[in-house]
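S.K.: Dumping the structure here so I can ask a few things about it.
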Amino acid sequence: MELNHFNAARVLAYAGIASITRRFTAKIALSLAVFLGLASLGYSVEAQAATGPARIAATFSGTLSVKEGSISATWVNVRSPVASYSISGNRIGVVDNNGTLFVQEGGLNASWVQVATGVKSAQVSNNRIGYLTSSGYLYVKEGSLYAPWVLESSGVSSFALTDKRIGILCGDSLFVKEGSLYAPWVLESTGVSSFALTDTRIGILGGGTLWVKEGSLYATWVLESSGVSSFALTDTRIGILGGGNLWVKEGSLYATWVLESSGVSSFALTDTRIGILTGNTVSVKEGGLYAGWTTVASGANTVKLSDGAVLPVDTHTPIGRLDSASIFTPTRPTTILVTGWALDRDAPTSPIRIHVYVGGPIGTRDVEVYDLLASTIRNDVAAAYPGTGNQHGFDSLIVTNKRGYLPVCVYAINIGSGSTNPLLQGSCQTVYIAPNAPVIDPQAR
Ligand SMILES: [Ca+2]
């Protein structure tokens, strides 16, 4: 790893000039970002609780529409064209006709982030995103949409994932891992044509026969049914489709099957809802297995369901925002000005450190990393977060050696409780530096 030619002493001197106006600061306090070289920040999952609205998704001739909350909520067109999609919690993953994967996180009107290209199929969970290439490579990331991809396996024909487990079908052999992205694979079965998994269950279909196990990866398989063409699992339900008849059982693996509907072409299942596609009509039932069906759409091609989003209830992870990242002035074309704020409620009145990544999010090859303290005056932040004081702003200069279109991504560094160094809202923002831009002495006038 090579450090760039960043000259800290010169820019420190420059940071003293006072002939410019800032948006937020009465007192100008430009600070200096100190180059760290390449660094890595740890990601991990915070304690989670609370449930957001459940969702129903359907495609209509390549347009994906989603409704959230009540079954009778209004459909929202979220994206088009859509070749395939996946929903979980407050995330939606969409693969377009060119094999590009986009993910939306948050509300149905949240912006879409392009996370991968060359995608054959993809799946999202609350905390993970996985995609398979047409040459059989499976990549998974955990945490932020901008987290680095981890190559999980080659030779994969299909996969499934949850926040805790990943399953891959290699030929007719099913392997599953549990825990971290780097956990070892466990061979579950051979002779598998398709499979599904949840945090607590695994189901395999081979020769039309469905087996399910519950508990650990080493639990015993239970024969569920033969004559099965497709199936779905949740932690409390199993659904099977055979000859157009949908049967669902609830509770233990040995519970009784209930005939839900006939003439079903495909279906989806959560712990509290069942969705079916009959012809092009989508019907959903909510509650017990004997509840009535409600028709929610016609002209549909697919249906999927998701449980409510798992929303973090967390006052320990830092919060903040990247307000802007821009080239400082036309006369200093390699100097980036970043502004925003960050604070940690474990030490509410103390300034905290932030790391500015120039060239891409954490994990990007050869990304430059700068460390600085968010300590300038932001009275608007003080007003919005009472009790935190007003010294949480940043308004800082970075002289980069990189050229071209450069994503600028800012992470807050946690103090005290909380183990995540989150990407600030508003990140990443892209600046452009011409390939031939000269490094102007920051002290030049
Ligand atoms: Ca904290």
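Each chain of the structure tokens is named A, B, ... in the order shown, its residues numbered from 1; ligands are numbered from 1 in display order.
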List all protein, DNA and RNA residues that have at least one atom no more than 6 Å from any atom of ligand 1, counting only C-alpha atoms and all ligand atoms, and write them as a list in words.

M.R.: His316, Thr317, Pro318, Asp344, Asp346, Asn414, Ile415, Gly416, Ser417 and Gly418 of chain A

S.K.: What lies within 7 Å of stretch 331-337 of chain A using only C-alpha atoms, ignoring chain neighbours under 3 positions off, as a JSON list (two decimals) with C-alpha atoms, in the first residue's frame?

M.R.:
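Wrote it out as out.json, contents follow:
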```json
[["chain", "number", "residue", "atom", "x", "y", "z"],
["A", 325, "ALA", "CA", -18.85, 17.07, -1.08],
["A", 326, "SER", "CA", -17.58, 19.44, -3.73],
["A", 327, "ILE", "CA", -14.47, 20.73, -5.42],
["A", 328, "PHE", "CA", -13.28, 23.59, -3.27],
["A", 395, "ASP", "CA", -16.28, 21.64, 7.19],
["A", 396, "SER", "CA", -13.02, 20.30, 5.95],
["A", 397, "LEU", "CA", -10.57, 20.26, 3.09],
["A", 398, "ILE", "CA", -8.99, 17.23, 1.49],
["A", 399, "VAL", "CA", -6.29, 17.39, -1.19],
["A", 400, "THR", "CA", -6.53, 14.20, -3.17],
["A", 433, "ILE", "CA", -11.51, 15.96, -10.92],
["A", 437, "ALA", "CA", -5.85, 18.58, -13.00],
["A", 439, "VAL", "CA", -2.14, 20.03, -7.77],
["A", 440, "ILE", "CA", -2.35, 23.69, -6.79]]
```

S.K.: Got a sec: who's within 6 Å of stretch 199-201 of chain A, counting only C-alpha atoms, leaving out chain neighbours fewer than 6 positions off, as a count of residues only?

M.R.: 3

S.K.: Quick one: everything within 12 Å of A:Gly242, counting only C-alpha atoms, minus sequence neighbours fewer than 3 positions away in the same chain. Send it as a list in words.

M.R.: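 The residues satisfying every condition are Gly208, Thr209, Leu210, Ser225, Ser226, Gly227, Val228, Ser229, Ser230, Phe231, Gly239, Asn245, Leu246, Trp247, Val248, Leu259, Glu260, Ser261, Ser262, Gly263, Val264, Ser265, Ser266 and Phe267 of chain A.
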
S.K.: Would you put the residues from that selection into a file with C-alpha atoms, as a CSV table (one decimal), in the first residue's frame?

M.R.:
```csv
chain,number,residue,atom,x,y,z
A,208,GLY,CA,-41.0,-34.5,-6.1
A,209,THR,CA,-40.5,-35.4,-2.4
A,210,LEU,CA,-40.1,-32.7,0.2
A,225,SER,CA,-44.9,-34.9,1.3
A,226,SER,CA,-44.5,-36.4,-2.2
A,227,GLY,CA,-46.0,-35.1,-5.4
A,228,VAL,CA,-44.6,-31.6,-4.7
A,229,SER,CA,-43.8,-29.3,-7.6
A,230,SER,CA,-42.8,-26.3,-5.5
A,231,PHE,CA,-42.7,-25.3,-1.9
A,239,GLY,CA,-46.6,-24.5,1.8
A,245,ASN,CA,-53.4,-27.4,-5.2
A,246,LEU,CA,-51.9,-25.4,-2.5
A,247,TRP,CA,-51.6,-27.0,0.9
A,248,VAL,CA,-50.2,-25.2,4.0
A,259,LEU,CA,-56.0,-27.3,1.5
A,260,GLU,CA,-55.9,-23.6,0.8
A,261,SER,CA,-56.8,-23.2,-2.9
A,262,SER,CA,-56.9,-25.0,-6.2
A,263,GLY,CA,-55.9,-23.6,-9.6
A,264,VAL,CA,-52.8,-22.0,-8.1
A,265,SER,CA,-49.9,-21.3,-10.4
A,266,SER,CA,-47.5,-19.8,-7.8
A,267,PHE,CA,-47.7,-18.6,-4.2
```

S.K.: How far is it from atom CA of A:Pro407 to atom CA of A:Gln429, in Å with one decimal?

M.R.: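 Pair atom CA of A:Pro407 / atom CA of A:Gln429 returns 5.4 Å.
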
S.K.: Considering only C-alpha atoms, return as a ChimeraX atom specification whatever protein or nucleic-acid residues lie within 10 Å of A:Lys304, sequence-local ones (same chain, fewer than 4 positions apart) excluded.

M.R.: /A:55-59,66,85-88,266-270,274-277,282

S.K.: Which residues in stretch 172-337 of chain A does DSSP call strand (DSSP E)? List them as a ChimeraX atom specification.

M.R.: /A:173-178,186-189,194-197,201-206,209-214,222-225,230-233,237-242,245-250,258-261,266-269,273-278,281-286,294-297,302-306,310-312,319-329,332-337

S.K.: Could you check how far atom CA of A:Ser252 sits from atom CA of A:Gly191, in Å to one decimal?

M.R.: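 Calculated distance between atom CA of A:Ser252 and atom CA of A:Gly191 is 24.8 Å.
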
S.K.: Have a look at A:Ala291, A:Val284, A:Ala382, A:Ala342 and name the one nearest to A:Val258; count only C-alpha atoms.

M.R.: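 Under the stated criterion, the closest residue is A:Ala291.
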